[in-house]
Number of protein chains: 4
Amino acid sequence: MSFNTFGHLFRVTTWGESHGPALGATVDGCPPGVALAEADLQGWMDARKPGQNKYTTQRREADAVEILSGVFEGRTTGTPILLLIRNTDQRSKDYGDIAAKFRPGHADITYHQKYGLRDYRGGGRSSARETAARVAAGGVARKVLGDLAPDLRIVGAMVRMGPKAIDPEAWDDAEIGRNPFWCPDAGAAADWAEYLDGLRKSGSSVGAVIEVRASRVPAGLGAPIYAKLDTEIAAALMSINAVKGVEIGAGMEAATLTGEANADEITMGPDGPVYSSNHAGGILGGISTGQDVVARFAVKPTSSILTPRRTVTVTGEETEIVTKGRHDPCVGIRAVPVGEAMLACVLLDHLLMDRGQTGGERGRIGA
Amino acid sequence: MSFNTFGHLFRVTTWGESHGPALGATVDGCPPGVALAEADLQGWMDARKPGQNKYTTQRREADAVEILSGVFEGRTTGTPILLLIRNTDQRSKDYGDIAAKFRPGHADITYHQKYGLRDYRGGGRSSARETAARVAAGGVARKVLGDLAPDLRIVGAMVRMGPKAIDPEAWDDAEIGRNPFWCPDAGAAADWAEYLDGLRKSGSSVGAVIEVRASRVPAGLGAPIYAKLDTEIAAALMSINAVKGVEIGAGMEAATLTGEANADEITMGPDGPVYSSNHAGGILGGISTGQDVVARFAVKPTSSILTPRRTVTVTGEETEIVTKGRHDPCVGIRAVPVGEAMLACVLLDHLLMDRGQTGGERGRIGA
Amino acid sequence: MSFNTFGHLFRVTTWGESHGPALGATVDGCPPGVALAEADLQGWMDARKPGQNKYTTQRREADAVEILSGVFEGRTTGTPILLLIRNTDQRSKDYGDIAAKFRPGHADITYHQKYGLRDYRGGGRSSARETAARVAAGGVARKVLGDLAPDLRIVGAMVRMGPKAIDPEAWDDAEIGRNPFWCPDAGAAADWAEYLDGLRKSGSSVGAVIEVRASRVPAGLGAPIYAKLDTEIAAALMSINAVKGVEIGAGMEAATLTGEANADEITMGPDGPVYSSNHAGGILGGISTGQDVVARFAVKPTSSILTPRRTVTVTGEETEIVTKGRHDPCVGIRAVPVGEAMLACVLLDHLLMDRGQTGGERGRIGA
Amino acid sequence: MSFNTFGHLFRVTTWGESHGPALGATVDGCPPGVALAEADLQGWMDARKPGQNKYTTQRREADAVEILSGVFEGRTTGTPILLLIRNTDQRSKDYGDIAAKFRPGHADITYHQKYGLRDYRGGGRSSARETAARVAAGGVARKVLGDLAPDLRIVGAMVRMGPKAIDPEAWDDAEIGRNPFWCPDAGAAADWAEYLDGLRKSGSSVGAVIEVRASRVPAGLGAPIYAKLDTEIAAALMSINAVKGVEIGAGMEAATLTGEANADEITMGPDGPVYSSNHAGGILGGISTGQDVVARFAVKPTSSILTPRRTVTVTGEETEIVTKGRHDPCVGIRAVPVGEAMLACVLLDHLLMDRGQTGGERGRIGA
């Protein structure tokens, strides 16, 4: 990962600020010959875009993606794909308070310390709006994966909102799209709606845990030692705004287990090895096993709240701040499609890298 | 991160297998003129090396580091530093069982699937022995940090062993070096000793959580958006063998908090901003705030246990395996110096990158 | 260098095709706080843009650069700068011949072989139009160099057109901007005008040699062994369309010299070492000496000529082709500002890298 | 290219100084399953090693390569391969003169200026001795190419020594190995022997041009725009010590040609397109055509000569220097196997990258 680029062979470079004229991504290293149109990306964009219900910021953006290069007669050419997303609702309001004061929990103060100046309008480059470009790039990755690994499927879901976790036994993939929280547990979703409504009205916010899961991932993806598949997924997810923790498989809970409990035993199935469990999250030694790749990440609560918080000004005076304006009471909701997009990009990048190094052939197990 | 290299300007490339003649690292991009001798590295090596007490593998390695290049008359020259560590106790025993059977929870099966062959002796490249090279490189990073950020201090500690966590109130830095677990809580250390002894005798194993903490980190380090300081720390820690989760500051718990609880309020101290708490773990928007950088990672239990586990052979037959030989009942213990080393390398790399882009000057707060 | 990105800390990613809606570049890693406006870039764009006289293609492009991100209140913020250049004269004509036949000397056939399809409109991605994005990025680099190395000056000139070379003794910097060839020798320029007019009318074309020269380059830039300053200049220049050779200092002629003739002897001047000559082209061991950095590159003649050439079709039939349409009789002319831009980017990148590794301090010579 | 690493997927990191205990390379990203033994590399090492005849330095080095990792039971494992070459003849003599004075034309002064100190023993890191590591890595690349592109063949030859060029009509591959100059023209070789003997005795030196040529290169290799195949070959060759110019195909002479003369016309042969000539040097638009890839590079004369040259000391005093000791009167001779090695590494790297992005499938021409 390098400043504003991620990936090795499938490389995504993003740019743009919250309140500039546009933002976007350049997708480089894309395999040629893949059918790709703007419409292929829009569904993913719509999943992330704000203003769709009362639980997300009321900023209204069409988040329409324009493809300015790299596609000819409906197919990728192997040259860089420029994805442009115009900002249309970057209200030209008074930013006085944000310009002069650092919001606690925001990048305001660190951008100022590092760069000596900052685009304070809507958080500038540090705004979660940047993730729109990731989702567009992830849409490209999914189209390519559709050609190269057609059975591979990526699903994200919110599994915890603040103190309230889902019941894993109640997980139903079909439920995820039916509620505004990408919650796979219908009972939890109903509970969360009430809970979040209360928080929203009081001007508060709350954190969340997102799980992203890829099934039918080919075994053999990952590049030990420092570009392990889990390493790169961790980096990809940690780079999303407001993320403070990342887990693979059993995650932090792995620390509490004994070797006996943690072992995923192996037997032979009709198509190769079968595992008794998936504490590994589909990755051993940094390489995919063929099991589901399972990752989770924690999103902290939005720092923009109505309760006054102590802070300082650019000139060093102590003061208080209240962040008004359009914000997400649980920004984790909109992180779900972002997590999916990052996972798609990492998996495709590793598919290409593995094909480069090994030709994509797998060591056999069995006759 | 790229296969066997990590870092951008301060780059570490490691090589070597558990049972080959040697392993090591090439450290490239090191600033010139830094006093460096093999003795500077040995203390860190000794902290990680096996066989020092009954709680770690009984493999006996001197882990002496030889510097073969990049240092002249006791100072770094700015050219690559080759660090060589000979393997001296790679017992030439019968590997029959490991050669033919895949150990559950090990990289055996995925290396086989990816590469079609594997060096099964002691785990080959996937062995935790590779971390010796990281510790040596981390030692170089610490020497350079000693010149460039002399107040910066990195401390690692084990904060959980299986079900048993420390009492954060009992944290005492001075205690860390006094027990074989790098445990900062004397009471917990005594409890763990008894607990781990039981596990060891029964041939079982258990996981752990390690915390690494850097104080006096200059504000302004980090390269948004995809090489954020927390992103790179997460990648660096997740790349360590057996790690399944990584947290920054409040970590996964951030998901359970409200915005009010999570906000680290800011006031002015004599030397700049002061924070009421450190849920952020010293990083906002991917850039250091000047507070302590705090990261934690979960290490899964060693998969090598005496209880038979079901598995398959290379030829696809179902069987059982018991892993005898020298192993760590809690491999997390030896991960403490490794985590410290990775943090040192990441911080130095970002110090150099920041100096490259911004000249190392900080945006002022106050007069 | 990596696909469509070049640079290490100052990184430029370009995208776009000759006949798409737009092309451009993302400039990442730019130092913050540098004054930058679109007007700063336009002068360089105008130097490269087509249609300015009868010796260059009659395509008419305003080549106006729009800055879509990374600048706030007139200063760079340290975040990625998106430079957008709209294509406005990409005539929607019949491409039948070019679509079906491969032009000898063009990338048509290799793009087809590699990617299986190609955007044949105007050469697609392989068009020299891509260099507009480089010039825009080079303009950013020059603004930053203006802050960090204010005395540094970059000048490019055409020193050979086909069989006709300049008289080095007649070199006059002031002459360069006075003729349509960037020729520093007034006599040669007059001669070339007549010569090229003849070629143009006959539908032929001819090659050229360009020299780019940077004066007041700080000593100490360059990153041996594989990112030497000359290595990276060579790569940067060779990546320009139609370039077939690159020289540093004495260049290919160095092969004909004896050690006595080649040695640049050193004496002490008031500001440090002074050299008796500059066969080295300002670079020793891959690191700048402080002398002028001097590079030359050869541009082959445009392949698009009116004389029929034998070729094959996509379906493998033998045929002939004549390339009509708007083309440059000596494409080398427009390569002059491109070469300057690439040199500016490489020098800035190395200035930042050197500052990162060494802090920008120089080893002293003398008291 | 990045400091001491080159390559994208097949990456070579070198380290070591002329007079340290050893030098070497880490080869990362190597495909697994390739038969590899130390003996496979020794032939290439012997071709480069010094002291084999009176025309090269009399330093005596066995240049035996030891493989310390990445190979198991005679096959590459896909993990990094450490290649170690011990220095055995780094005479412990008095370096007083070189330590205090900068040799004109050497990296002494720039290393001092950049790093503030330098390992002056034998040139330290800037010594041509570093190229031994490249040749070893190139040997690995050739073994892999033997599996992936078995017909591909790389041949290097010296085509000019000072003022004396070969007669291209007299080129005979079989002659190359029969004379101490890798000269493909028997008549020229005899002439050169006499010429160089005279230079050697007078303590002088002379430059050379080397041509490296790869035949049966698959079409489609290269990664436009900034990692074009010719760009990367240019970088790889320019990074070799003492190289001042690089040419592809017609090279600098391309500047003198008209479009008619330069066009390589295309017809259909039994196995695909056939070209009437090869001015392109086998590369169009940065992608291989399937023709021979042809590159040349100029090596300047060794700066170490017996004629006194003016220079300055570290303390800034003017003085003279005569470089005694063991040196090459025409260092270009030993650059031939180095150029071959670099070309092998670049071609393999691009073969893997192309396989990663496109799957290695070629767009068809014809039915």
# chains A, B, ... in the order shown; residues from 1 in each chain; ligands from 1
>>> select_by_dssp(residues="segment 79-271 of chain D", states="strand (DSSP E or B)", output="ChimeraX atom specification")
/D:81-86,101,153-161,164-165,206,208-215,223,227,243-248,258,266-269
>>> residues_around(residues="Pro50 of chain A", least_positions_apart="2", cutoff="7 Å", atoms="only C-alpha atoms", output="list in words")
Arg48, Gln52, Thr56, Thr57, Gln58, Arg59, Arg60 and Glu61 of chain A
>>> closest_atom_pairs(of="chain C", to="chain B", cutoff="6 Å", atoms="only C-alpha atoms", output="Markdown table")
| residue | atom | partner | partner_atom | distance |
| --- | --- | --- | --- | --- |
| C:Pro31 | CA | B:Gln357 | CA | 5.0 |
| C:Leu352 | CA | B:Gly356 | CA | 4.5 |
| C:Met353 | CA | B:Gly356 | CA | 5.6 |
| C:Arg355 | CA | B:Gly356 | CA | 5.0 |
| C:Gly356 | CA | B:Gly356 | CA | 3.8 |
| C:Gln357 | CA | B:Pro31 | CA | 5.1 |
| C:Thr358 | CA | B:Pro31 | CA | 5.5 |
>>> residues_around(residues="Ser215 of chain A", least_positions_apart="2", cutoff="12 Å", atoms="only C-alpha atoms", output="list in words")
Ala149, Pro150, Asp151, Leu152, Arg153, Ile154, Val155, Gly156, Val212, Arg213, Val217, Pro218, Ala219, Gly281, Gly282, Ser288, Thr289, Gly290, Gln291, Asp292, Val293, Val294, Ala295, Leu343, Ala344 and Leu347 of chain A
>>> residues_around(residues="Glu361 of chain A", least_positions_apart="6", cutoff="9 Å", atoms="only C-alpha atoms", output="list in words")
Gly220, Asp354 and Arg355 of chain A; Gln113, Lys114, Tyr115 and Gly116 of chain B
>>> residues_around(residues="Leu306 of chain D", least_positions_apart="5", cutoff="7 Å", atoms="only C-alpha atoms", output="short mmCIF file (atom, residue, chain, number, x, y, z; two decimals) with N, CA, C and O atoms, in the first residue's frame")
data_model
loop_
_atom_site.label_atom_id
_atom_site.label_comp_id
_atom_site.auth_asym_id
_atom_site.auth_seq_id
_atom_site.Cartn_x
_atom_site.Cartn_y
_atom_site.Cartn_z
N GLY D 203 48.86 1.64 -18.98
CA GLY D 203 48.05 2.03 -17.82
C GLY D 203 46.84 2.85 -18.21
O GLY D 203 46.28 3.57 -17.39
N SER D 204 46.41 2.75 -19.44
CA SER D 204 45.25 3.49 -19.88
C SER D 204 44.02 2.59 -19.87
O SER D 204 44.07 1.44 -19.39
N VAL D 322 46.82 9.08 -8.90
CA VAL D 322 47.12 7.99 -9.83
C VAL D 322 46.53 6.74 -9.21
O VAL D 322 46.79 6.46 -8.04
N THR D 323 45.69 6.06 -9.95
CA THR D 323 45.08 4.87 -9.36
C THR D 323 45.88 3.64 -9.73
O THR D 323 45.83 3.16 -10.86
N LYS D 324 46.61 3.15 -8.77
CA LYS D 324 47.34 1.90 -8.97
C LYS D 324 46.44 0.74 -8.59
O LYS D 324 45.27 0.91 -8.32
#
>>> residues_around(residues="Ile67 of chain B", least_positions_apart="4", cutoff="8 Å", atoms="only C-alpha atoms", output="ChimeraX atom specification")
/B:37-38,71,81-84
>>> write_last_selection(atoms="N, CA, C and O atoms", output="mmCIF file, in the first residue's frame")
data_model
loop_
_atom_site.group_PDB
_atom_site.id
_atom_site.type_symbol
_atom_site.label_atom_id
_atom_site.label_comp_id
_atom_site.auth_asym_id
_atom_site.auth_seq_id
_atom_site.Cartn_x
_atom_site.Cartn_y
_atom_site.Cartn_z
ATOM 1 N N ALA B 37 26.457 -1.772 15.550
ATOM 2 C CA ALA B 37 27.317 -2.940 15.705
ATOM 3 C C ALA B 37 26.431 -4.150 15.981
ATOM 4 O O ALA B 37 25.266 -4.009 16.349
ATOM 5 N N GLU B 38 27.014 -5.325 15.788
ATOM 6 C CA GLU B 38 26.231 -6.537 16.020
ATOM 7 C C GLU B 38 25.717 -6.588 17.461
ATOM 8 O O GLU B 38 24.609 -7.063 17.707
ATOM 9 N N VAL B 71 27.764 -1.464 6.754
ATOM 10 C CA VAL B 71 28.327 -0.769 7.913
ATOM 11 C C VAL B 71 29.829 -0.648 7.690
ATOM 12 O O VAL B 71 30.473 -1.608 7.285
ATOM 13 N N ILE B 81 22.077 -3.309 4.377
ATOM 14 C CA ILE B 81 22.680 -4.005 5.522
ATOM 15 C C ILE B 81 22.196 -5.449 5.501
ATOM 16 O O ILE B 81 20.996 -5.705 5.630
ATOM 17 N N LEU B 82 23.125 -6.375 5.320
ATOM 18 C CA LEU B 82 22.734 -7.786 5.321
ATOM 19 C C LEU B 82 22.938 -8.344 6.713
ATOM 20 O O LEU B 82 24.060 -8.312 7.257
ATOM 21 N N LEU B 83 21.862 -8.873 7.272
ATOM 22 C CA LEU B 83 21.886 -9.469 8.603
ATOM 23 C C LEU B 83 21.748 -10.972 8.448
ATOM 24 O O LEU B 83 20.749 -11.446 7.901
ATOM 25 N N LEU B 84 22.723 -11.703 8.926
ATOM 26 C CA LEU B 84 22.729 -13.158 8.772
ATOM 27 C C LEU B 84 22.634 -13.839 10.128
ATOM 28 O O LEU B 84 23.357 -13.485 11.059
#
>>> closest_residue(among="A:Ala193, A:His106, A:Arg160, A:Ile248", to="Asp264 of chain B", atoms="only C-alpha atoms")
A:His106
>>> select_by_dssp(residues="segment 189-312 of chain C", states="helix (DSSP H, G or I)", output="PyMOL selection string")
chain C and resi 189-201+229-238+251-256+259-262
>>> write_last_selection(atoms="C-alpha atoms", output="tab-separated table (two decimals), in the first residue's frame")
chain	number	residue	atom	x	y	z
C	189	ALA	CA	16.81	26.11	-37.27
C	190	ALA	CA	16.64	27.88	-40.60
C	191	ASP	CA	18.07	24.84	-42.34
C	192	TRP	CA	15.66	22.50	-40.58
C	193	ALA	CA	12.67	24.62	-41.55
C	194	GLU	CA	13.37	24.12	-45.22
C	195	TYR	CA	14.23	20.46	-44.78
C	196	LEU	CA	11.13	19.59	-42.77
C	197	ASP	CA	8.87	21.50	-45.09
C	198	GLY	CA	10.00	19.24	-47.89
C	199	LEU	CA	9.41	16.12	-45.85
C	200	ARG	CA	6.02	17.32	-44.75
C	201	LYS	CA	4.85	18.00	-48.28
C	229	LEU	CA	19.47	8.99	-10.89
C	230	ASP	CA	20.69	8.09	-14.40
C	231	THR	CA	18.77	4.81	-14.31
C	232	GLU	CA	15.57	6.61	-13.52
C	233	ILE	CA	16.13	9.37	-16.06
C	234	ALA	CA	16.80	6.68	-18.66
C	235	ALA	CA	13.58	4.91	-17.75
C	236	ALA	CA	11.58	8.13	-17.73
C	237	LEU	CA	12.81	9.17	-21.16
C	238	MET	CA	12.61	5.71	-22.72
C	251	GLY	CA	26.45	8.84	-23.82
C	252	MET	CA	27.21	6.25	-26.51
C	253	GLU	CA	30.34	8.22	-27.40
C	254	ALA	CA	31.79	7.34	-24.00
C	255	ALA	CA	32.55	3.96	-25.54
C	256	THR	CA	35.06	5.51	-27.90
C	259	GLY	CA	40.20	6.92	-19.55
C	260	GLU	CA	42.35	10.03	-19.89
C	261	ALA	CA	39.88	11.71	-22.24
C	262	ASN	CA	36.85	10.75	-20.22
>>> closest_residue(among="D:Thr307, D:Thr302, D:Ser69, D:Asn53", to="Leu23 of chain B", atoms="only C-alpha atoms")
D:Ser69
>>> residues_around(residues="Asp97 of chain C", least_positions_apart="6", cutoff="12 Å", atoms="only C-alpha atoms", output="tab-separated table (two decimals) with C-alpha atoms, in the first residue's frame")
chain	number	residue	atom	x	y	z
C	103	ARG	CA	0.40	0.10	-39.01
C	108	ASP	CA	-1.29	-1.55	-32.99
C	120	TYR	CA	-7.72	1.78	-32.37
C	121	ARG	CA	-9.09	5.31	-32.41
C	122	GLY	CA	-6.04	7.51	-32.82
C	311	THR	CA	1.38	-5.01	-43.51
C	312	VAL	CA	-1.20	-7.58	-42.42
C	313	THR	CA	-4.77	-7.41	-41.25
C	314	VAL	CA	-6.23	-8.62	-37.98
C	319	THR	CA	-2.07	-5.87	-47.54
C	320	GLU	CA	-0.67	-2.36	-47.76
C	321	ILE	CA	-1.38	0.67	-45.67
C	322	VAL	CA	-1.09	4.42	-46.11
C	323	THR	CA	-1.66	6.49	-43.01
C	324	LYS	CA	-3.59	9.59	-43.83
C	325	GLY	CA	-4.90	12.04	-41.33
